[in-house]
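Below is one structure, written out as structure tokens, with a few remarks after it.
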Amino acid sequence: MPRADCIMRHLPYFCRGQVVRGFGRGSKQLGIPTANFPEQVVDNLPADISTGIYYGWASVGSGDVHKMVVSIGWNPYYKNTKKSMETHIMHTFKEDFYGEILNVAIVGYLRPEKNFDSLESLISAIQGDIEEAKKQLDLPEHLKVKEDNFFQVSKSKIMNGH
Ligand SMILES: Cc1cc2nc3c(=O)[nH]c(=O)nc-3n(C[C@H](O)[C@H](O)[C@H](O)COP(=O)(O)O)c2cc1C
Ligand SMILES: Nc1ncnc2c1ncn2[C@@H]1O[C@H](COP(=O)(O)OP(=O)(O)O)[C@@H](O)[C@H]1O
Ligand SMILES: [Mg+2]
């Protein structure tokens, strides 16, 4: 298992990409929707960002910046064959945002991906991650990333139509 201090050295990690369709399990089976990134964005992750569950900040297009949790890896519970990067945003959106640009800043690491005996235990692990992320993100060192120019640039770029 990678040591957390090795992983943390690469954070915060900023990236953006278009939201694509996954397997449709997030909302339907788990009640926790995750916005999935295309393969290309996942392949471009630095080799030393290990798989696992992280937290940070996210915005959709030029929208507001919200707390998020992100899962990077193969979803051992579902035995996916392709590595994925999926972001759950702690915000209630009026509608789906497939095709839009998702901006993410990963600021901290929570845990490695795990397999679970039941869907219920996967769901309660994710709910625990969400609660832990909300707490961590209130720390001043993490709050400052919310104001990063990365999110401002995304606003002006998109508004100018570039
Ligand atoms: C915070 C968080 C933690 C997760 N942890 C795990 C995990 O430990 N093991 C696992 O198999 N999948 C984990 N997942 C991934 C879910 O299995 C995945 O989001 C679900 O399969 C939805 O996939 P879909 O977007 O293709 O529909 C996690 C997802 C989130 C958002
Ligand atoms: N709070 C949210 N966080 C992430 N995605 C959300 C949220 N609310 C709505 N969505 C929408 O739900 C989709 C993800 O649902 P999910 O069931 O994981 O489907 P998929 O397998 O296609 O990724 C996202 O692509 C987005 O359009
Ligand atoms: Mg998803």
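We name chains A, B, ... following the order of the structure tokens; residues begin at 1 in each chain, and ligands are numbered from 1 as shown.
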Within-9 Å residues of ligand 1, basis only C-alpha atoms and all ligand atoms, as a short mmCIF file (atom, residue, chain, number, x, y, z; two decimals) with all heavy atoms, in the first residue's frame:
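part-v2.cif written:
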```
data_model
loop_
_atom_site.label_atom_id
_atom_site.label_comp_id
_atom_site.auth_asym_id
_atom_site.auth_seq_id
_atom_site.Cartn_x
_atom_site.Cartn_y
_atom_site.Cartn_z
N ARG A 21 -20.22 9.41 -19.77
CA ARG A 21 -21.05 8.39 -19.11
C ARG A 21 -20.19 7.24 -18.57
O ARG A 21 -19.23 6.83 -19.20
CB ARG A 21 -22.07 7.81 -20.10
CG ARG A 21 -23.14 8.82 -20.38
CD ARG A 21 -24.35 8.31 -21.12
NE ARG A 21 -25.24 9.45 -21.35
CZ ARG A 21 -26.18 9.83 -20.49
NH1 ARG A 21 -26.42 9.13 -19.40
NH2 ARG A 21 -26.92 10.90 -20.74
N GLY A 22 -20.57 6.75 -17.40
CA GLY A 22 -19.93 5.57 -16.84
C GLY A 22 -20.88 4.39 -16.98
O GLY A 22 -21.58 4.28 -17.98
N PHE A 23 -20.94 3.56 -15.95
CA PHE A 23 -21.82 2.38 -16.01
C PHE A 23 -23.22 2.68 -15.48
O PHE A 23 -24.06 1.79 -15.41
CB PHE A 23 -21.20 1.23 -15.21
CG PHE A 23 -19.94 0.69 -15.80
CD1 PHE A 23 -18.70 1.06 -15.31
CD2 PHE A 23 -19.99 -0.17 -16.90
CE1 PHE A 23 -17.52 0.57 -15.86
CE2 PHE A 23 -18.82 -0.67 -17.46
CZ PHE A 23 -17.58 -0.29 -16.95
N GLY A 24 -23.45 3.91 -15.04
CA GLY A 24 -24.78 4.28 -14.52
C GLY A 24 -25.07 3.65 -13.16
O GLY A 24 -26.22 3.53 -12.77
N ARG A 25 -24.01 3.26 -12.42
CA ARG A 25 -24.24 2.60 -11.13
C ARG A 25 -24.32 3.61 -10.00
O ARG A 25 -25.01 3.38 -9.02
CB ARG A 25 -23.07 1.68 -10.79
CG ARG A 25 -22.88 0.54 -11.73
CD ARG A 25 -21.51 -0.06 -11.42
NE ARG A 25 -21.19 -1.16 -12.29
CZ ARG A 25 -19.97 -1.44 -12.70
NH1 ARG A 25 -18.95 -0.68 -12.32
NH2 ARG A 25 -19.75 -2.46 -13.49
N GLY A 26 -23.57 4.71 -10.14
CA GLY A 26 -23.45 5.69 -9.06
C GLY A 26 -24.80 6.09 -8.49
O GLY A 26 -25.07 5.89 -7.31
N SER A 27 -25.67 6.64 -9.34
CA SER A 27 -26.96 7.11 -8.84
C SER A 27 -27.91 5.96 -8.57
O SER A 27 -28.55 5.91 -7.54
CB SER A 27 -27.64 8.02 -9.85
OG SER A 27 -26.71 8.77 -10.55
N LYS A 28 -27.97 5.02 -9.51
CA LYS A 28 -29.01 3.98 -9.41
C LYS A 28 -28.76 3.00 -8.28
O LYS A 28 -29.63 2.73 -7.47
CB LYS A 28 -29.11 3.23 -10.73
CG LYS A 28 -29.73 4.08 -11.82
CD LYS A 28 -30.18 3.26 -13.02
CE LYS A 28 -30.60 4.16 -14.16
NZ LYS A 28 -29.45 4.70 -14.92
N GLN A 29 -27.54 2.45 -8.20
CA GLN A 29 -27.29 1.42 -7.18
C GLN A 29 -26.83 1.99 -5.86
O GLN A 29 -27.10 1.43 -4.81
CB GLN A 29 -26.24 0.42 -7.68
CG GLN A 29 -26.74 -0.45 -8.81
CD GLN A 29 -25.71 -1.52 -9.17
OE1 GLN A 29 -24.87 -1.89 -8.36
NE2 GLN A 29 -25.78 -2.00 -10.39
N LEU A 30 -26.11 3.10 -5.90
CA LEU A 30 -25.49 3.61 -4.67
C LEU A 30 -26.21 4.85 -4.12
O LEU A 30 -26.02 5.18 -2.96
CB LEU A 30 -24.02 3.96 -4.92
CG LEU A 30 -23.13 2.90 -5.57
CD1 LEU A 30 -21.76 3.46 -5.87
CD2 LEU A 30 -22.99 1.70 -4.64
N ILE A 32 -25.37 7.67 -4.97
CA ILE A 32 -24.29 8.66 -4.91
C ILE A 32 -23.75 8.85 -6.33
O ILE A 32 -22.90 8.06 -6.77
CB ILE A 32 -23.15 8.18 -3.97
CG1 ILE A 32 -23.72 7.80 -2.59
CG2 ILE A 32 -22.04 9.23 -3.84
CD1 ILE A 32 -22.82 6.92 -1.75
N PRO A 33 -24.25 9.85 -7.07
CA PRO A 33 -23.78 10.03 -8.45
C PRO A 33 -22.32 10.43 -8.50
O PRO A 33 -21.86 11.19 -7.63
CB PRO A 33 -24.67 11.16 -9.00
CG PRO A 33 -25.16 11.90 -7.80
CD PRO A 33 -25.22 10.89 -6.68
N THR A 34 -21.60 9.94 -9.48
CA THR A 34 -20.20 10.34 -9.69
C THR A 34 -20.03 10.79 -11.13
O THR A 34 -20.40 10.07 -12.06
CB THR A 34 -19.22 9.18 -9.43
OG1 THR A 34 -19.55 8.08 -10.29
CG2 THR A 34 -19.24 8.74 -7.98
N ALA A 35 -19.46 11.99 -11.31
CA ALA A 35 -19.18 12.50 -12.65
C ALA A 35 -17.87 11.88 -13.12
O ALA A 35 -16.83 12.08 -12.49
CB ALA A 35 -19.10 14.02 -12.61
N ASN A 36 -17.94 11.12 -14.22
CA ASN A 36 -16.77 10.37 -14.69
C ASN A 36 -16.00 11.17 -15.74
O ASN A 36 -16.60 11.82 -16.60
CB ASN A 36 -17.21 9.04 -15.31
CG ASN A 36 -17.85 8.09 -14.30
OD1 ASN A 36 -18.58 8.52 -13.40
ND2 ASN A 36 -17.59 6.81 -14.44
N GLY A 52 -6.97 5.39 -5.28
CA GLY A 52 -7.52 5.56 -3.94
C GLY A 52 -8.60 6.61 -3.91
O GLY A 52 -9.05 7.10 -4.95
N ILE A 53 -9.00 6.97 -2.69
CA ILE A 53 -10.08 7.92 -2.49
C ILE A 53 -9.50 9.23 -1.95
O ILE A 53 -8.75 9.21 -0.96
CB ILE A 53 -11.14 7.37 -1.49
CG1 ILE A 53 -11.47 5.89 -1.79
CG2 ILE A 53 -12.38 8.24 -1.48
CD1 ILE A 53 -11.92 5.59 -3.20
N TYR A 54 -9.83 10.33 -2.61
CA TYR A 54 -9.30 11.64 -2.28
C TYR A 54 -10.46 12.63 -2.06
O TYR A 54 -11.60 12.32 -2.38
CB TYR A 54 -8.47 12.19 -3.45
CG TYR A 54 -7.21 11.41 -3.77
CD1 TYR A 54 -7.26 10.24 -4.52
CD2 TYR A 54 -5.96 11.87 -3.35
CE1 TYR A 54 -6.09 9.53 -4.83
CE2 TYR A 54 -4.80 11.19 -3.66
CZ TYR A 54 -4.86 10.02 -4.40
OH TYR A 54 -3.72 9.33 -4.71
N TYR A 55 -10.12 13.83 -1.57
CA TYR A 55 -11.13 14.88 -1.44
C TYR A 55 -10.57 16.19 -1.97
O TYR A 55 -9.34 16.33 -2.11
CB TYR A 55 -11.60 15.04 0.01
CG TYR A 55 -10.50 15.37 0.99
CD1 TYR A 55 -10.13 16.69 1.26
CD2 TYR A 55 -9.80 14.35 1.62
CE1 TYR A 55 -9.11 16.98 2.15
CE2 TYR A 55 -8.77 14.63 2.50
CZ TYR A 55 -8.43 15.95 2.77
OH TYR A 55 -7.41 16.22 3.64
N MET A 68 -15.87 18.11 -2.72
CA MET A 68 -16.07 16.87 -3.48
C MET A 68 -15.23 15.72 -2.90
O MET A 68 -14.29 15.96 -2.13
CB MET A 68 -15.75 17.09 -4.97
CG MET A 68 -14.32 17.46 -5.29
SD MET A 68 -13.21 16.02 -5.27
CE MET A 68 -11.77 16.65 -6.12
N VAL A 69 -15.59 14.50 -3.29
CA VAL A 69 -14.74 13.33 -3.05
C VAL A 69 -14.51 12.69 -4.41
O VAL A 69 -15.38 12.75 -5.29
CB VAL A 69 -15.39 12.29 -2.10
CG1 VAL A 69 -15.21 12.68 -0.65
CG2 VAL A 69 -16.86 12.06 -2.42
N VAL A 70 -13.33 12.11 -4.61
CA VAL A 70 -13.04 11.51 -5.92
C VAL A 70 -12.40 10.14 -5.72
O VAL A 70 -11.59 9.94 -4.82
CB VAL A 70 -12.18 12.48 -6.79
CG1 VAL A 70 -10.89 12.87 -6.12
CG2 VAL A 70 -11.90 11.89 -8.16
N SER A 71 -12.85 9.22 -6.57
CA SER A 71 -12.33 7.86 -6.50
C SER A 71 -11.52 7.61 -7.77
O SER A 71 -12.01 7.82 -8.88
CB SER A 71 -13.52 6.90 -6.40
OG SER A 71 -13.15 5.60 -6.74
N ILE A 72 -10.25 7.18 -7.59
CA ILE A 72 -9.37 6.90 -8.72
C ILE A 72 -8.98 5.43 -8.66
O ILE A 72 -8.42 4.99 -7.65
CB ILE A 72 -8.10 7.78 -8.69
CG1 ILE A 72 -8.47 9.28 -8.68
CG2 ILE A 72 -7.18 7.46 -9.87
CD1 ILE A 72 -7.26 10.22 -8.51
N GLY A 73 -9.32 4.68 -9.69
CA GLY A 73 -8.89 3.27 -9.69
C GLY A 73 -9.82 2.35 -10.43
O GLY A 73 -10.51 2.76 -11.36
N TRP A 74 -9.85 1.11 -9.99
CA TRP A 74 -10.56 0.07 -10.73
C TRP A 74 -11.85 -0.40 -10.08
O TRP A 74 -12.44 -1.38 -10.50
CB TRP A 74 -9.63 -1.13 -10.96
CG TRP A 74 -8.59 -0.85 -11.99
CD1 TRP A 74 -8.71 -1.03 -13.34
CD2 TRP A 74 -7.27 -0.33 -11.79
NE1 TRP A 74 -7.56 -0.65 -13.99
CE2 TRP A 74 -6.66 -0.22 -13.06
CE3 TRP A 74 -6.54 0.06 -10.66
CZ2 TRP A 74 -5.36 0.26 -13.23
CZ3 TRP A 74 -5.26 0.55 -10.83
CH2 TRP A 74 -4.68 0.63 -12.10
N ASN A 75 -12.30 0.29 -9.03
CA ASN A 75 -13.53 -0.09 -8.32
C ASN A 75 -13.57 -1.60 -8.04
O ASN A 75 -14.38 -2.32 -8.63
CB ASN A 75 -14.78 0.33 -9.12
CG ASN A 75 -14.87 1.83 -9.32
OD1 ASN A 75 -14.06 2.58 -8.77
ND2 ASN A 75 -15.82 2.27 -10.09
N PRO A 76 -12.72 -2.06 -7.14
CA PRO A 76 -12.60 -3.51 -6.89
C PRO A 76 -13.95 -4.20 -6.62
O PRO A 76 -14.11 -5.37 -6.98
CB PRO A 76 -11.69 -3.61 -5.67
CG PRO A 76 -11.36 -2.24 -5.24
CD PRO A 76 -11.78 -1.29 -6.31
N TYR A 77 -14.91 -3.48 -6.04
CA TYR A 77 -16.21 -4.10 -5.77
C TYR A 77 -16.87 -4.52 -7.10
O TYR A 77 -17.55 -5.53 -7.16
CB TYR A 77 -17.12 -3.13 -4.99
CG TYR A 77 -18.48 -3.72 -4.66
CD1 TYR A 77 -18.64 -4.58 -3.58
CD2 TYR A 77 -19.60 -3.43 -5.45
CE1 TYR A 77 -19.88 -5.13 -3.28
CE2 TYR A 77 -20.84 -3.98 -5.15
CZ TYR A 77 -20.97 -4.83 -4.07
OH TYR A 77 -22.20 -5.38 -3.78
N TYR A 78 -16.66 -3.73 -8.15
CA TYR A 78 -17.27 -4.02 -9.45
C TYR A 78 -16.28 -4.66 -10.42
O TYR A 78 -16.65 -4.99 -11.55
CB TYR A 78 -17.83 -2.73 -10.06
CG TYR A 78 -19.04 -2.20 -9.33
CD1 TYR A 78 -18.95 -1.12 -8.47
CD2 TYR A 78 -20.28 -2.80 -9.51
CE1 TYR A 78 -20.07 -0.64 -7.80
CE2 TYR A 78 -21.40 -2.33 -8.84
CZ TYR A 78 -21.28 -1.25 -7.98
OH TYR A 78 -22.39 -0.79 -7.32
N LYS A 79 -15.03 -4.80 -9.99
CA LYS A 79 -13.98 -5.40 -10.82
C LYS A 79 -13.91 -4.77 -12.22
O LYS A 79 -13.89 -5.46 -13.24
CB LYS A 79 -14.19 -6.92 -10.91
CG LYS A 79 -14.18 -7.58 -9.54
CD LYS A 79 -14.30 -9.09 -9.61
CE LYS A 79 -14.12 -9.73 -8.25
NZ LYS A 79 -15.05 -9.21 -7.21
N ASN A 80 -13.88 -3.45 -12.27
CA ASN A 80 -13.74 -2.77 -13.57
C ASN A 80 -12.39 -3.13 -14.18
O ASN A 80 -11.41 -3.35 -13.46
CB ASN A 80 -13.78 -1.25 -13.38
CG ASN A 80 -15.17 -0.71 -13.11
OD1 ASN A 80 -16.13 -1.47 -13.05
ND2 ASN A 80 -15.27 0.59 -12.93
N SER A 84 -10.73 4.28 -13.66
CA SER A 84 -11.63 5.43 -13.80
C SER A 84 -11.30 6.50 -12.76
O SER A 84 -10.60 6.24 -11.77
CB SER A 84 -13.09 5.00 -13.66
OG SER A 84 -13.39 4.63 -12.33
N MET A 85 -11.80 7.69 -13.03
CA MET A 85 -11.67 8.80 -12.07
C MET A 85 -13.05 9.43 -11.98
O MET A 85 -13.57 9.95 -12.98
CB MET A 85 -10.64 9.81 -12.59
CG MET A 85 -10.50 11.02 -11.69
SD MET A 85 -9.08 12.01 -12.21
CE MET A 85 -9.22 13.39 -11.09
N GLU A 86 -13.67 9.31 -10.80
CA GLU A 86 -15.08 9.71 -10.64
C GLU A 86 -15.23 10.65 -9.46
O GLU A 86 -14.77 10.34 -8.37
CB GLU A 86 -15.93 8.49 -10.34
CG GLU A 86 -15.66 7.29 -11.20
CD GLU A 86 -16.48 6.10 -10.74
OE1 GLU A 86 -17.32 6.24 -9.83
OE2 GLU A 86 -16.28 5.03 -11.31
N THR A 87 -15.93 11.75 -9.70
CA THR A 87 -16.08 12.79 -8.68
C THR A 87 -17.51 12.89 -8.20
O THR A 87 -18.43 13.07 -9.01
CB THR A 87 -15.66 14.16 -9.28
OG1 THR A 87 -14.33 14.04 -9.80
CG2 THR A 87 -15.69 15.26 -8.24
N HIS A 88 -17.71 12.78 -6.90
CA HIS A 88 -19.03 13.07 -6.33
C HIS A 88 -18.95 14.45 -5.70
O HIS A 88 -18.12 14.69 -4.82
CB HIS A 88 -19.45 12.04 -5.27
CG HIS A 88 -20.69 12.48 -4.54
ND1 HIS A 88 -21.94 12.47 -5.15
CD2 HIS A 88 -20.88 12.99 -3.30
CE1 HIS A 88 -22.83 12.95 -4.29
NE2 HIS A 88 -22.23 13.27 -3.17
N ILE A 89 -19.81 15.35 -6.15
CA ILE A 89 -19.82 16.73 -5.65
C ILE A 89 -20.87 16.84 -4.55
O ILE A 89 -22.00 16.38 -4.73
CB ILE A 89 -20.11 17.71 -6.81
CG1 ILE A 89 -19.10 17.50 -7.95
CG2 ILE A 89 -20.06 19.16 -6.31
CD1 ILE A 89 -19.39 18.31 -9.21
N LEU A 110 -7.70 10.12 1.34
CA LEU A 110 -8.46 9.49 2.44
C LEU A 110 -8.05 8.05 2.70
O LEU A 110 -7.76 7.66 3.82
CB LEU A 110 -9.97 9.54 2.14
CG LEU A 110 -10.65 10.92 2.23
CD1 LEU A 110 -12.08 10.85 1.71
CD2 LEU A 110 -10.64 11.43 3.68
N ARG A 111 -8.06 7.21 1.64
CA ARG A 111 -7.82 5.77 1.87
C ARG A 111 -7.63 5.07 0.52
O ARG A 111 -7.98 5.62 -0.53
CB ARG A 111 -9.01 5.15 2.61
CG ARG A 111 -10.32 5.23 1.82
CD ARG A 111 -11.44 4.44 2.48
NE ARG A 111 -12.70 4.59 1.76
CZ ARG A 111 -13.10 3.81 0.77
NH1 ARG A 111 -12.33 2.82 0.33
NH2 ARG A 111 -14.26 4.03 0.17
N PRO A 112 -7.10 3.84 0.56
CA PRO A 112 -7.01 3.07 -0.69
C PRO A 112 -8.39 2.53 -1.09
O PRO A 112 -9.30 2.50 -0.25
CB PRO A 112 -6.08 1.91 -0.34
CG PRO A 112 -6.13 1.79 1.14
CD PRO A 112 -6.53 3.11 1.71
N GLU A 113 -8.55 2.12 -2.33
CA GLU A 113 -9.80 1.47 -2.76
C GLU A 113 -9.88 0.11 -2.11
O GLU A 113 -8.86 -0.56 -1.91
CB GLU A 113 -9.74 1.17 -4.25
CG GLU A 113 -9.71 2.30 -5.19
CD GLU A 113 -9.87 1.73 -6.59
OE1 GLU A 113 -8.89 1.16 -7.11
OE2 GLU A 113 -10.98 1.82 -7.13
N LYS A 114 -11.10 -0.32 -1.82
CA LYS A 114 -11.27 -1.63 -1.16
C LYS A 114 -12.37 -2.41 -1.83
O LYS A 114 -13.23 -1.86 -2.52
CB LYS A 114 -11.66 -1.41 0.31
CG LYS A 114 -10.49 -1.02 1.18
CD LYS A 114 -10.88 -1.01 2.64
CE LYS A 114 -11.72 0.20 2.97
NZ LYS A 114 -11.81 0.52 4.39
N ASN A 115 -12.35 -3.73 -1.57
CA ASN A 115 -13.49 -4.55 -1.96
C ASN A 115 -14.41 -4.63 -0.74
O ASN A 115 -13.96 -4.42 0.38
CB ASN A 115 -13.02 -5.93 -2.38
CG ASN A 115 -14.07 -6.64 -3.22
OD1 ASN A 115 -15.21 -6.17 -3.33
ND2 ASN A 115 -13.72 -7.77 -3.78
N PHE A 116 -15.68 -4.92 -0.94
CA PHE A 116 -16.63 -5.01 0.18
C PHE A 116 -17.50 -6.24 0.00
O PHE A 116 -17.68 -6.73 -1.11
CB PHE A 116 -17.51 -3.74 0.22
CG PHE A 116 -16.75 -2.49 0.56
CD1 PHE A 116 -16.21 -1.69 -0.44
CD2 PHE A 116 -16.54 -2.12 1.89
CE1 PHE A 116 -15.49 -0.55 -0.14
CE2 PHE A 116 -15.81 -0.98 2.20
CZ PHE A 116 -15.29 -0.19 1.20
N LEU A 122 -20.25 -0.90 0.98
CA LEU A 122 -19.62 0.06 0.06
C LEU A 122 -20.26 1.43 0.25
O LEU A 122 -19.57 2.44 0.39
CB LEU A 122 -19.76 -0.42 -1.41
CG LEU A 122 -19.36 0.59 -2.49
CD1 LEU A 122 -17.87 0.95 -2.40
CD2 LEU A 122 -19.67 0.06 -3.91
N ILE A 123 -21.60 1.44 0.31
CA ILE A 123 -22.31 2.72 0.46
C ILE A 123 -21.93 3.39 1.78
O ILE A 123 -21.64 4.60 1.80
CB ILE A 123 -23.85 2.51 0.38
CG1 ILE A 123 -24.24 2.05 -1.03
CG2 ILE A 123 -24.60 3.80 0.75
CD1 ILE A 123 -25.67 1.59 -1.19
N ALA A 125 -19.20 3.06 3.50
CA ALA A 125 -17.80 3.54 3.41
C ALA A 125 -17.77 4.88 2.67
O ALA A 125 -17.10 5.83 3.11
CB ALA A 125 -16.92 2.52 2.71
N ILE A 126 -18.51 4.97 1.57
CA ILE A 126 -18.51 6.22 0.78
C ILE A 126 -19.13 7.36 1.60
O ILE A 126 -18.62 8.48 1.61
CB ILE A 126 -19.24 6.05 -0.57
CG1 ILE A 126 -18.54 4.98 -1.42
CG2 ILE A 126 -19.30 7.38 -1.33
CD1 ILE A 126 -19.21 4.67 -2.75
N GLN A 127 -20.20 7.04 2.35
CA GLN A 127 -20.81 8.09 3.18
C GLN A 127 -19.85 8.57 4.26
O GLN A 127 -19.79 9.76 4.56
CB GLN A 127 -22.13 7.59 3.77
CG GLN A 127 -23.23 7.65 2.71
CD GLN A 127 -24.48 6.86 3.08
OE1 GLN A 127 -24.46 6.09 4.05
NE2 GLN A 127 -25.54 7.05 2.31
N GLY A 128 -19.06 7.64 4.80
CA GLY A 128 -18.02 8.01 5.78
C GLY A 128 -16.97 8.91 5.13
O GLY A 128 -16.52 9.89 5.74
N ASP A 129 -16.59 8.58 3.90
CA ASP A 129 -15.61 9.41 3.17
C ASP A 129 -16.13 10.83 3.01
O ASP A 129 -15.38 11.81 3.17
CB ASP A 129 -15.34 8.85 1.75
CG ASP A 129 -14.70 7.47 1.77
OD1 ASP A 129 -13.99 7.15 2.74
OD2 ASP A 129 -14.92 6.71 0.79
N ILE A 130 -17.42 10.93 2.66
CA ILE A 130 -18.03 12.25 2.42
C ILE A 130 -17.99 13.08 3.71
O ILE A 130 -17.59 14.25 3.69
CB ILE A 130 -19.48 12.09 1.89
CG1 ILE A 130 -19.45 11.49 0.47
CG2 ILE A 130 -20.23 13.43 1.92
CD1 ILE A 130 -20.80 11.10 -0.10
N ALA A 133 -14.38 14.12 4.42
CA ALA A 133 -13.94 15.14 3.47
C ALA A 133 -14.51 16.50 3.86
O ALA A 133 -13.79 17.51 3.84
CB ALA A 133 -14.40 14.77 2.06
#
```
- Message: Give me the residues near segment 144-146 of chain A as number ranges by chain, where near means some atom within 12 Å (using only C-alpha atoms) and where sequence neighbours in that chain fewer than 3 positions away do not count.
- Response: A: 11-14, 55-59, 64-68, 103-108, 137-141, 149-152
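Atom CA of Val42 of chain A is positioned 9.7 Å from atom CA of Lys82 of chain A.
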- Message: Could you pull out the alpha helix (DSSP H) residues of segment 45-136 of chain A, going by DSSP on the backbone, and write them as a PyMOL selection string?
- Response: chain A and resi 119-136
- Task: Mind the document's chain letters and residue numbers, and return as an MDAnalysis selection string the residues of chain A that DSSP labels strand (DSSP E).
- Result: chainID A and resid 13:18 35:36 52:60 66:73 84:89 101:111
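Atom to atom, atom 13 (C, counted along the ligand's line) of ligand 2 and atom CA of Ser62 of chain A stand 17.6 Å apart.
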- So what do you get for atom CA of Gly63 of chain A versus atom CA of Glu131 of chain A, distance-wise?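 So the answer is 22.9 Å.
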